>>> print(open('final.txt').read())   # compact mmCIF, C-alpha atoms and all ligand atoms
# COMPACT_ATOMS: atom_id res chain seq x y z
CA MET A 27 129.18 -79.47 -66.89
CA ARG A 28 126.99 -76.95 -68.77
CA ALA A 29 123.95 -77.67 -66.54
CA LEU A 30 126.03 -77.03 -63.41
CA THR A 31 127.50 -73.80 -64.83
CA GLU A 32 124.03 -72.61 -65.85
CA ALA A 33 122.79 -73.37 -62.35
CA GLY A 34 125.33 -70.79 -61.14
CA ARG A 35 127.90 -73.28 -59.78
CA LYS A 36 131.51 -72.17 -60.13
CA ILE A 37 133.31 -75.01 -61.84
CA ILE A 38 137.10 -75.11 -61.78
CA SER A 39 138.49 -76.65 -64.94
CA PHE A 40 141.49 -78.95 -64.82
CA ALA A 41 140.38 -80.41 -68.15
CA SER A 42 141.76 -78.38 -71.04
CA GLY A 43 145.37 -78.78 -72.09
CA GLU A 44 145.43 -75.35 -73.69
CA ILE A 45 148.21 -73.29 -72.13
CA GLY A 46 146.61 -70.21 -70.54
CA LEU A 47 149.46 -67.76 -71.10
CA PRO A 48 149.70 -64.70 -73.38
CA ALA A 49 151.76 -64.58 -76.58
CA LEU A 50 155.34 -63.45 -76.20
CA PRO A 51 155.41 -59.76 -77.34
CA VAL A 52 158.40 -60.14 -79.74
CA LEU A 53 156.53 -62.91 -81.55
CA ALA A 54 153.31 -60.88 -81.70
CA ASP A 55 155.30 -57.91 -83.09
CA GLU A 56 156.96 -60.13 -85.69
CA LEU A 57 153.58 -61.48 -86.79
CA ALA A 58 152.15 -57.94 -87.02
CA LEU A 59 154.95 -56.93 -89.41
CA SER A 60 153.76 -59.45 -92.01
CA THR A 61 149.99 -59.05 -91.94
CA ARG A 62 150.00 -57.46 -95.42
CA GLU A 63 151.43 -60.65 -96.89
CA SER A 64 148.43 -62.19 -98.59
CA ALA A 65 149.80 -64.85 -100.93
CA TYR A 66 149.44 -68.58 -100.23
CA GLY A 67 153.15 -69.42 -100.23
CA PRO A 68 154.72 -72.83 -100.95
CA VAL A 69 152.69 -75.89 -99.89
CA GLY A 70 155.28 -77.44 -97.56
CA GLY A 71 156.17 -74.17 -95.83
CA ASN A 72 158.19 -71.00 -96.50
CA PRO A 73 161.91 -71.71 -97.04
CA ASP A 74 163.10 -69.42 -94.23
CA MET A 75 160.67 -71.01 -91.76
CA LEU A 76 161.74 -74.53 -92.78
CA GLN A 77 165.38 -73.50 -92.44
CA ALA A 78 164.71 -72.19 -88.92
CA ALA A 79 162.78 -75.37 -87.97
CA ALA A 80 165.65 -77.51 -89.34
CA GLY A 81 168.00 -75.59 -87.03
CA TYR A 82 165.63 -76.17 -84.09
CA TRP A 83 165.78 -79.97 -84.60
CA THR A 84 169.50 -79.99 -85.32
CA ARG A 85 170.19 -78.18 -82.00
CA ARG A 86 168.20 -80.95 -80.29
CA GLY A 87 170.42 -83.69 -81.65
CA LEU A 88 168.44 -84.59 -84.79
CA ALA A 89 170.46 -83.31 -87.75
CA THR A 90 167.78 -82.07 -90.17
CA GLY A 91 167.65 -80.45 -93.60
CA PRO A 92 164.73 -78.21 -94.63
CA ASN A 93 163.82 -80.68 -97.38
CA GLN A 94 162.83 -83.19 -94.68
CA LEU A 95 160.17 -80.86 -93.25
CA ILE A 96 156.53 -80.01 -93.97
CA ALA A 97 154.58 -77.27 -92.19
CA GLY A 98 150.90 -77.47 -91.36
CA PRO A 99 148.23 -75.59 -89.42
CA GLY A 100 149.17 -77.36 -86.17
CA THR A 101 150.58 -80.82 -85.62
CA LYS A 102 147.10 -82.33 -85.41
CA PRO A 103 146.43 -82.11 -89.18
CA LEU A 104 150.03 -83.18 -89.87
CA ILE A 105 149.60 -86.35 -87.79
CA TYR A 106 146.30 -87.04 -89.56
CA ALA A 107 147.95 -86.47 -92.95
CA ALA A 108 150.76 -88.89 -92.03
CA ILE A 109 148.32 -91.57 -90.81
CA SER A 110 146.17 -91.27 -93.90
CA ALA A 111 149.06 -91.06 -96.39
CA MET A 112 150.61 -94.36 -95.26
CA GLN A 113 149.48 -97.96 -95.59
CA GLY A 114 148.45 -100.02 -92.61
CA GLU A 115 146.49 -99.99 -89.37
CA VAL A 116 147.49 -97.91 -86.37
CA VAL A 117 148.81 -98.84 -82.92
CA VAL A 118 148.36 -96.27 -80.16
CA PRO A 119 149.56 -96.37 -76.55
CA GLN A 120 147.02 -97.11 -73.84
CA PRO A 121 146.41 -94.50 -72.46
CA SER A 122 147.10 -91.90 -75.16
CA TRP A 123 146.02 -88.47 -76.37
CA VAL A 124 142.40 -88.62 -77.49
CA SER A 125 142.93 -87.65 -81.13
CA TYR A 126 145.19 -90.45 -82.42
CA ALA A 127 142.58 -93.21 -82.30
CA VAL A 128 139.85 -90.94 -83.68
CA GLN A 129 142.12 -89.78 -86.51
CA ALA A 130 142.98 -93.38 -87.42
CA GLU A 131 139.27 -94.24 -87.50
CA LEU A 132 138.53 -91.16 -89.63
CA ALA A 133 141.17 -92.42 -92.05
CA GLY A 134 139.28 -95.75 -92.18
CA LYS A 135 141.92 -97.64 -90.19
CA ARG A 136 141.57 -100.11 -87.39
CA VAL A 137 143.09 -99.08 -84.05
CA HIS A 138 145.15 -101.39 -81.81
CA ARG A 139 145.71 -100.19 -78.23
CA VAL A 140 148.81 -101.45 -76.44
CA PRO A 141 149.36 -100.65 -72.73
CA THR A 142 152.43 -98.68 -71.67
CA ARG A 143 154.97 -99.64 -68.99
CA SER A 144 154.74 -97.92 -65.62
CA THR A 145 156.31 -94.38 -65.82
CA GLN A 146 156.93 -94.93 -69.55
CA GLY A 147 153.67 -93.35 -70.74
CA GLY A 148 153.42 -92.48 -74.41
CA ILE A 149 155.28 -95.58 -75.66
CA PRO A 150 153.46 -98.92 -76.05
CA ASP A 151 155.31 -101.50 -73.95
CA PRO A 152 157.70 -102.86 -76.63
CA ALA A 153 157.34 -106.52 -75.54
CA LEU A 154 153.52 -106.30 -75.58
CA LEU A 155 153.72 -104.41 -78.87
CA ALA A 156 155.66 -107.22 -80.52
CA ASP A 157 153.19 -109.84 -79.23
CA ARG A 158 150.19 -107.79 -80.29
CA ILE A 159 151.52 -107.12 -83.80
CA ARG A 160 152.33 -110.79 -84.35
CA SER A 161 148.95 -112.01 -83.15
CA ALA A 162 147.06 -109.28 -85.05
CA ARG A 163 148.92 -110.17 -88.24
CA SER A 164 148.32 -113.87 -87.83
CA ALA A 165 144.60 -113.05 -87.45
CA GLY A 166 144.68 -111.18 -90.77
CA ALA A 167 145.01 -107.60 -89.46
CA ASP A 168 147.66 -105.23 -90.81
CA PRO A 169 149.14 -102.94 -88.10
CA ARG A 170 152.10 -101.00 -89.52
CA ILE A 171 152.07 -97.56 -87.91
CA VAL A 172 152.75 -96.87 -84.23
CA VAL A 173 152.04 -93.44 -82.77
CA VAL A 174 154.06 -92.43 -79.69
CA THR A 175 154.13 -89.32 -77.50
CA ILE A 176 157.25 -88.06 -75.72
CA PRO A 177 156.87 -86.27 -73.32
CA ASP A 178 153.43 -87.76 -72.88
CA ASN A 179 149.88 -86.52 -72.65
CA PRO A 180 148.00 -87.71 -70.53
CA THR A 181 150.61 -89.13 -68.12
CA GLY A 182 153.26 -86.38 -68.21
CA ASP A 183 155.90 -89.16 -68.38
CA VAL A 184 159.12 -88.97 -70.38
CA ALA A 185 160.00 -92.46 -71.59
CA SER A 186 163.61 -93.55 -71.16
CA SER A 187 166.25 -94.19 -73.83
CA ASP A 188 166.06 -97.91 -72.92
CA THR A 189 162.36 -98.01 -73.75
CA LEU A 190 163.00 -96.19 -77.04
CA GLN A 191 165.81 -98.59 -77.87
CA ASP A 192 163.44 -101.53 -77.30
CA LEU A 193 160.75 -99.81 -79.37
CA ALA A 194 163.22 -99.27 -82.21
CA SER A 195 164.23 -102.96 -82.18
CA VAL A 196 160.60 -104.09 -82.38
CA ALA A 197 159.82 -101.53 -85.09
CA ARG A 198 162.77 -102.76 -87.15
CA GLU A 199 162.01 -106.43 -86.65
CA LEU A 200 158.32 -106.03 -87.53
CA ASP A 201 158.76 -103.25 -90.09
CA LEU A 202 156.71 -100.57 -88.34
CA VAL A 203 156.74 -96.83 -88.98
CA ILE A 204 156.87 -94.67 -85.84
CA ILE A 205 155.05 -91.34 -85.69
CA SER A 206 156.57 -89.50 -82.72
CA ASP A 207 154.52 -86.57 -81.40
CA GLU A 208 157.01 -84.30 -79.61
CA ILE A 209 154.84 -81.24 -79.08
CA TYR A 210 155.91 -81.18 -75.38
CA THR A 211 159.64 -81.71 -76.00
CA ASP A 212 160.61 -78.31 -74.56
CA LEU A 213 158.53 -78.85 -71.42
CA VAL A 214 160.83 -81.34 -69.68
CA PHE A 215 161.66 -79.93 -66.24
CA GLU A 216 165.22 -81.27 -65.86
CA GLY A 217 167.37 -82.34 -68.83
CA THR A 218 165.89 -83.27 -72.19
CA ALA A 219 163.67 -85.98 -73.65
CA PRO A 220 165.23 -88.59 -75.94
CA HIS A 221 163.92 -88.77 -79.52
CA PRO A 222 162.67 -92.01 -81.12
CA ALA A 223 164.31 -90.75 -84.34
CA SER A 224 167.73 -91.11 -82.64
CA PHE A 225 167.07 -94.86 -82.23
CA ALA A 226 165.17 -95.63 -85.44
CA PRO A 227 166.12 -92.77 -87.77
CA GLU A 228 165.15 -94.61 -90.94
CA ARG A 229 161.50 -95.16 -89.90
CA THR A 230 160.53 -92.32 -87.56
CA ILE A 231 158.38 -89.33 -88.46
CA THR A 232 158.54 -86.59 -85.82
CA THR A 233 156.21 -83.66 -85.17
CA THR A 234 156.42 -80.51 -83.07
CA GLY A 235 154.95 -77.02 -83.04
CA LEU A 236 154.40 -73.76 -81.20
CA THR A 237 151.25 -74.78 -79.30
CA LYS A 238 152.63 -75.94 -75.98
CA SER A 239 156.09 -74.52 -75.29
CA LEU A 240 155.09 -71.04 -76.54
CA ALA A 241 151.37 -71.25 -75.70
CA LEU A 242 150.42 -70.38 -79.30
CA GLY A 243 147.80 -73.04 -80.04
CA GLY A 244 145.50 -70.59 -81.80
CA TRP A 245 148.24 -69.51 -84.20
CA ARG A 246 148.11 -73.00 -85.71
CA LEU A 247 151.60 -73.96 -86.75
CA GLY A 248 153.22 -77.37 -86.64
CA VAL A 249 156.15 -78.98 -88.43
CA LEU A 250 156.60 -82.62 -89.43
CA ARG A 251 160.03 -84.17 -90.00
CA THR A 252 160.51 -87.19 -92.27
CA PRO A 253 163.57 -89.51 -92.32
CA ALA A 254 166.50 -88.55 -94.59
CA THR A 255 166.06 -91.76 -96.60
CA GLU A 256 164.33 -92.89 -99.77
CA PHE A 257 161.35 -93.99 -97.64
CA GLY A 258 161.39 -90.54 -95.99
CA ALA A 259 161.33 -88.79 -99.36
CA ARG A 260 158.36 -90.93 -100.47
CA VAL A 261 156.39 -90.22 -97.29
CA HIS A 262 157.31 -86.54 -97.54
CA GLY A 263 155.81 -86.45 -101.05
CA ALA A 264 152.67 -88.31 -99.95
CA ILE A 265 152.06 -86.02 -96.95
CA LYS A 266 152.72 -82.94 -99.04
CA ALA A 267 150.11 -84.16 -101.51
CA VAL A 268 147.58 -84.24 -98.64
CA ALA A 269 148.70 -80.74 -97.56
CA SER A 270 148.25 -79.46 -101.08
CA GLN A 271 144.65 -80.69 -101.30
CA VAL A 272 143.60 -79.97 -97.71
CA TRP A 273 145.22 -76.81 -96.29
CA SER A 274 147.46 -75.45 -99.11
CA SER A 275 149.79 -73.54 -96.78
CA VAL A 276 150.13 -72.09 -93.30
CA ALA A 277 149.21 -68.38 -92.90
CA ALA A 278 152.22 -66.29 -94.01
CA PRO A 279 152.35 -63.97 -90.94
CA ILE A 280 152.32 -66.99 -88.62
CA GLN A 281 155.22 -68.52 -90.53
CA GLN A 282 157.11 -65.24 -90.21
CA ALA A 283 156.67 -65.33 -86.43
CA ALA A 284 157.66 -69.02 -86.46
CA VAL A 285 161.01 -68.13 -88.08
CA LEU A 286 161.81 -66.12 -84.96
CA ALA A 287 160.37 -68.78 -82.62
CA PHE A 288 162.40 -71.62 -84.17
CA ASN A 289 165.59 -69.52 -84.28
CA GLU A 290 165.23 -69.23 -80.48
CA PRO A 291 166.76 -65.85 -79.62
CA ALA A 292 167.35 -65.17 -75.90
CA GLU A 293 163.83 -63.71 -75.33
CA VAL A 294 162.23 -66.91 -76.68
CA ARG A 295 164.49 -69.18 -74.65
CA SER A 296 163.91 -67.31 -71.42
CA TRP A 297 160.11 -67.24 -71.95
CA VAL A 298 160.05 -71.00 -72.51
CA SER A 299 162.20 -71.53 -69.37
CA ALA A 300 159.81 -69.37 -67.33
CA ALA A 301 156.79 -71.32 -68.62
CA ARG A 302 158.56 -74.60 -67.86
CA ARG A 303 159.33 -73.45 -64.28
CA LEU A 304 155.70 -72.45 -63.86
CA HIS A 305 154.41 -75.87 -64.98
CA GLN A 306 156.99 -77.54 -62.74
CA GLY A 307 156.02 -75.54 -59.65
CA VAL A 308 152.29 -75.99 -60.07
CA THR A 309 152.32 -79.68 -61.10
CA GLY A 310 154.66 -80.40 -58.16
CA THR A 311 152.28 -78.81 -55.63
CA LEU A 312 149.21 -80.48 -57.11
CA ALA A 313 150.97 -83.87 -57.20
CA ALA A 314 151.80 -83.56 -53.49
CA ALA A 315 148.15 -82.69 -52.73
CA LEU A 316 146.91 -85.70 -54.72
CA SER A 317 149.30 -88.13 -53.11
CA ASN A 318 148.36 -86.85 -49.60
CA ILE A 319 144.83 -87.89 -50.41
CA GLY A 320 146.01 -91.40 -51.28
CA ALA A 321 146.32 -91.24 -55.09
CA ASP A 322 149.30 -92.92 -56.75
CA LEU A 323 151.35 -90.87 -59.18
CA PRO A 324 155.03 -90.34 -59.95
CA HIS A 325 156.79 -87.05 -59.23
CA PRO A 326 156.03 -84.81 -62.26
CA VAL A 327 158.89 -84.55 -64.75
CA ALA A 328 157.35 -82.75 -67.75
CA THR A 329 154.27 -81.10 -69.34
CA CYS A 330 151.33 -79.56 -67.47
CA TYR A 331 149.54 -82.88 -66.79
CA LEU A 332 149.11 -85.26 -63.89
CA TYR A 333 147.55 -88.69 -64.27
CA PRO A 334 146.91 -90.04 -60.77
CA SER A 335 145.50 -93.48 -60.14
CA PHE A 336 142.89 -93.92 -57.41
CA ASP A 337 142.91 -97.71 -57.76
CA ARG A 338 144.27 -98.06 -54.23
CA LEU A 339 141.07 -96.41 -52.98
CA ALA A 340 138.79 -98.50 -55.22
CA ASP A 341 137.17 -100.55 -52.42
CA LYS A 342 136.42 -97.46 -50.38
CA LEU A 343 135.00 -95.59 -53.38
CA ALA A 344 132.86 -98.56 -54.42
CA GLN A 345 131.56 -99.24 -50.93
CA HIS A 346 130.82 -95.74 -49.73
CA LYS A 347 130.19 -93.77 -52.94
CA GLN A 348 129.16 -96.41 -55.49
CA ILE A 349 132.01 -95.29 -57.76
CA HIS A 350 133.36 -98.12 -59.93
CA THR A 351 134.75 -96.39 -63.04
CA SER A 352 136.94 -93.41 -63.92
CA ASP A 353 133.91 -91.84 -65.57
CA GLU A 354 131.89 -92.08 -62.36
CA LEU A 355 134.83 -90.69 -60.39
CA ALA A 356 135.16 -87.68 -62.74
CA LYS A 357 131.38 -87.09 -62.58
CA ALA A 358 131.42 -87.22 -58.78
CA LEU A 359 134.22 -84.63 -58.72
CA LEU A 360 132.23 -82.44 -61.08
CA GLN A 361 129.41 -82.43 -58.54
CA HIS A 362 131.99 -80.89 -56.17
CA GLY A 363 132.88 -78.20 -58.72
CA ILE A 364 136.01 -79.86 -60.19
CA TYR A 365 136.17 -80.63 -63.90
CA CYS A 366 138.84 -83.13 -65.01
CA LEU A 367 138.96 -85.92 -67.57
CA PRO A 368 138.49 -89.64 -66.81
CA GLY A 369 141.18 -92.11 -67.89
CA ASN A 370 138.73 -93.93 -70.15
CA ALA A 371 138.68 -90.81 -72.41
CA PHE A 372 142.33 -91.70 -73.16
CA GLY A 373 141.54 -95.34 -73.84
CA ASP A 374 142.26 -96.73 -70.37
CA PRO A 375 139.92 -99.56 -69.29
CA PRO A 376 136.83 -97.96 -67.66
CA ASP A 377 137.40 -99.66 -64.29
CA ARG A 378 140.93 -98.27 -63.91
CA LEU A 379 140.39 -95.29 -61.62
CA THR A 380 142.65 -92.80 -63.41
CA LEU A 381 141.99 -89.09 -63.94
CA ARG A 382 143.85 -86.51 -65.97
CA PHE A 383 144.43 -83.09 -64.43
CA SER A 384 145.87 -80.22 -66.45
CA VAL A 385 147.18 -77.19 -64.57
CA SER A 386 147.50 -75.02 -67.68
CA HIS A 387 144.33 -73.05 -66.95
CA LEU A 388 145.31 -72.08 -63.41
CA TYR A 389 147.65 -69.28 -64.41
CA GLY A 390 145.17 -66.41 -64.13
CA GLU A 391 142.30 -64.99 -66.10
CA THR A 392 143.83 -61.71 -67.26
CA ALA A 393 147.04 -61.19 -69.23
CA GLN A 394 148.39 -59.30 -66.20
CA GLU A 395 147.78 -62.24 -63.83
CA GLN A 396 149.31 -64.61 -66.36
CA GLU A 397 152.43 -62.40 -66.69
CA GLU A 398 152.68 -62.41 -62.90
CA SER A 399 152.40 -66.22 -62.85
CA LEU A 400 155.25 -66.43 -65.35
CA LYS A 401 157.48 -64.13 -63.30
CA SER A 402 156.69 -65.53 -59.87
CA HIS A 403 159.35 -67.46 -57.96
CA ASP A 404 156.61 -69.36 -56.16
CA PRO A 405 153.47 -69.31 -58.32
CA THR A 406 151.60 -71.55 -55.89
CA THR A 407 151.34 -68.56 -53.50
CA LEU A 408 149.32 -66.58 -56.09
CA PRO A 409 145.61 -66.58 -55.20
CA TRP A 410 144.44 -67.68 -58.67
CA VAL A 411 146.75 -70.71 -58.51
CA GLN A 412 146.25 -71.47 -54.81
CA GLU A 413 142.47 -71.34 -54.67
CA PRO A 414 141.70 -74.00 -57.35
CA ILE A 415 144.21 -76.38 -55.76
CA ARG A 416 142.62 -75.79 -52.34
CA ARG A 417 139.16 -76.41 -53.84
CA LEU A 418 140.37 -79.62 -55.48
CA GLU A 419 141.88 -80.87 -52.21
CA ALA A 420 138.63 -80.12 -50.36
CA ALA A 421 136.54 -81.85 -53.05
CA LEU A 422 138.73 -84.96 -52.97
CA LYS A 423 138.69 -85.09 -49.18
CA THR A 424 134.88 -84.98 -49.18
CA LEU A 425 134.73 -87.64 -51.87
CA MET A 426 137.12 -89.94 -50.03
CA SER A 427 135.37 -89.52 -46.68
CA THR A 428 133.38 -92.52 -45.53
CA ASP A 429 130.31 -90.64 -44.30
C1 LIG B 1 149.85 -84.90 -77.52
C2 LIG B 1 149.33 -83.74 -78.31
N1 LIG B 1 149.64 -83.64 -79.61
C3 LIG B 1 149.19 -82.62 -80.37
C4 LIG B 1 148.37 -81.63 -79.82
C5 LIG B 1 147.83 -80.55 -80.70
O1 LIG B 1 148.81 -79.78 -81.21
P1 LIG B 1 148.59 -78.71 -82.36
O2 LIG B 1 148.04 -77.48 -81.70
O3 LIG B 1 149.97 -78.53 -82.88
O4 LIG B 1 147.66 -79.25 -83.38
C6 LIG B 1 148.04 -81.70 -78.46
C7 LIG B 1 147.16 -80.67 -77.87
O5 LIG B 1 146.57 -80.83 -76.82
C8 LIG B 1 148.53 -82.77 -77.69
O6 LIG B 1 148.26 -82.88 -76.39
>>> encode(input="final.txt", output="structure tokens", more="lines below")
Ligand SMILES: Cc1ncc(COP(=O)(O)O)c(C=O)c1O
Amino acid sequence: MRALTEAGRKIISFASGEIGLPALPVLADELALSTRESAYGPVGGNPDMLQAAAGYWTRRGLATGPNQLIAGPGTKPLIYAAISAMQGEVVVPQPSWVSYAVQAELAGKRVHRVPTRSTQGGIPDPALLADRIRSARSAGADPRIVVVTIPDNPTGDVASSDTLQDLASVARELDLVIISDEIYTDLVFEGTAPHPASFAPERTITTTGLTKSLALGGWRLGVLRTPATEFGARVHGAIKAVASQVWSSVAAPIQQAAVLAFNEPAEVRSWVSAARRLHQGVTGTLAAALSNIGADLPHPVATCYLYPSFDRLADKLAQHKQIHTSDELAKALLQHGIYCLPGNAFGDPPDRLTLRFSVSHLYGETAQEQEESLKSHDPTTLPWVQEPIRRLEAALKTLMSTD
């Protein structure tokens, strides 16, 4: 990638999941009001922020008290703290977001990958999960934590209530703790995503934050919710102990802005709806372009990601282009100026020809273009959105050609 950029090639990136949109002005103003606050603040989070985050969850059907919550500098460190504070090895979905497996390994834990059901990305197939746990345990391993993502990165799927019900039954039967990463929960295009904590409230830890729905990744704020049980209180204490020794507290001005974000006044709600519409419009157009080329993928329902499979074209790609793996496919696309991530980066078997495309960097380079993208009724007519999609289509057509 760097060599091509240095050689003067214009590379279009569909790789990063960072949301390329500017901060909502009311949140920026709120943050600015508190920049003179210089004290650390309580380890788990400021009481008014925790109260606001409790309201956020309660409005989404998970009744929550502030004493169940812990704030951290993003959900990433919170998930790591949860994995490291609990006993047992870690199960992750296959495919899944890159960091879970690495975090488990950093915490000195073995990782078990369990494939997901079709269109149910983010949740290990519950039947396979049960089999895998039983056979791992009988071979002396100790899987006890299962990390799930709903809505999912990389697939963009939203698993169904039936799948979550099955997951909850397996978790109960085999005494597993679920860590549910719900950072994309407000980016479901129609309706809402179900929560694993509704099905297994006694054993589910849930995380969310400001990074995706409000495009505030660099502000670094996430919140983790523990069950309202004795087990939940124990885990809460253990994770807070990690917080105390690792990050102490989240920056006070960011927490002040988060109070407003989690209280969701009209400006916040309408900004999130506009961002959601934008992701929906652009993922929909890109999905149609990919399926015209012969890729298999479901109609996008959430997030800013598409995870097409090119398996149907495997013979053609092998015969005419000597492409046999997702890595080779991604590298070939890079030669045509398109940067995306291969499925094997998310733990998929190397010979599954899956790629992950993120549209979140197509929304313009300047704040003005990004504002225009947010306001547009048809963002795919904007030149900065249209051109990368056209370039991707052309690159794929060349790659799929037999000459
Ligand atoms: C599934 C998932 N979880 C968590 C994160 C990171 O979130 P945070 O910025 O809250 O650490 C990302 C970012 O890409 C993600 O895709």
>>> residues_around(input="final.txt", residues="stretch 243-248 of chain A", least_positions_apart="2", cutoff="7 Å", atoms="only C-alpha atoms", output="list in words")
Ala97, Gly98, Pro99, Gly100, Thr101, Thr234, Gly235, Leu236, Thr237, Lys238, Ala241, Leu250, Val276 and Ile280 of chain A
>>> write_last_selection(input="final.txt", atoms="C-alpha atoms", output="compact mmCIF listing (two decimals), in the frame of the given file")
# COMPACT_ATOMS: atom_id res chain seq x y z
CA ALA A 97 154.58 -77.27 -92.19
CA GLY A 98 150.90 -77.47 -91.36
CA PRO A 99 148.23 -75.59 -89.42
CA GLY A 100 149.17 -77.36 -86.17
CA THR A 101 150.58 -80.82 -85.62
CA THR A 234 156.42 -80.51 -83.07
CA GLY A 235 154.95 -77.02 -83.04
CA LEU A 236 154.40 -73.76 -81.20
CA THR A 237 151.25 -74.78 -79.30
CA LYS A 238 152.63 -75.94 -75.98
CA ALA A 241 151.37 -71.25 -75.70
CA LEU A 250 156.60 -82.62 -89.43
CA VAL A 276 150.13 -72.09 -93.30
CA ILE A 280 152.32 -66.99 -88.62
>>> residues_around(input="final.txt", residues="A:Thr218", least_positions_apart="2", cutoff="10 Å", atoms="only C-alpha atoms", output="list in words")
Arg86, Pro177, Val184, Thr211, Asp212, Leu213, Val214, Phe215, Glu216, Pro220, His221 and Ala328 of chain A
>>> residues_around(input="final.txt", residues="A:Ala197", least_positions_apart="3", cutoff="10 Å", atoms="only C-alpha atoms", output="ChimeraX atom specification")
/A:152,155-156,170-172,191-194,200-204,226,229-230
>>> residues_around(input="final.txt", residues="A:Ser186", least_positions_apart="3", cutoff="10 Å", atoms="only C-alpha atoms", output="list of chain:residue names")
A:Thr145, A:Gln146, A:Gly147, A:Ile149, A:Ile176, A:Asp183, A:Thr189, A:Leu190, A:Gln191, A:Ala219, A:Pro220, A:His221
>>> write_last_selection(input="final.txt", atoms="C-alpha atoms", output="compact mmCIF listing (two decimals), in the coordinates of the input")
# COMPACT_ATOMS: atom_id res chain seq x y z
CA THR A 145 156.31 -94.38 -65.82
CA GLN A 146 156.93 -94.93 -69.55
CA GLY A 147 153.67 -93.35 -70.74
CA ILE A 149 155.28 -95.58 -75.66
CA ILE A 176 157.25 -88.06 -75.72
CA ASP A 183 155.90 -89.16 -68.38
CA THR A 189 162.36 -98.01 -73.75
CA LEU A 190 163.00 -96.19 -77.04
CA GLN A 191 165.81 -98.59 -77.87
CA ALA A 219 163.67 -85.98 -73.65
CA PRO A 220 165.23 -88.59 -75.94
CA HIS A 221 163.92 -88.77 -79.52
>>> residues_around(input="final.txt", residues="stretch 73-75 of chain A", least_positions_apart="4", cutoff="9 Å", atoms="all atoms listed in the file", output="list in words")
Pro68, Ala79, Ala80, Pro92, Ala97, Gln281, Gln282, Ala283, Ala284, Val285, Leu286 and Phe288 of chain A
>>> atom_distance(input="final.txt", atom1="atom CA of A:Arg163", atom2="atom CA of A:Val116")
12.5 Å
>>> closest_residue(input="final.txt", among="A:Pro405, A:Gly46, A:Gly134, A:Pro227", to="A:Ile109", atoms="all atoms listed in the file")
A:Gly134
>>> closest_residue(input="final.txt", among="A:Lys357, A:Arg295, A:His262, A:Arg338", to="A:Leu50", atoms="all atoms listed in the file")
A:Arg295
>>> atom_distance(input="final.txt", atom1="atom CA of A:Gln348", atom2="atom CA of A:Gly363")
18.9 Å
>>> atom_distance(input="final.txt", atom1="atom CA of A:Pro141", atom2="atom CA of A:Cys366")
21.8 Å
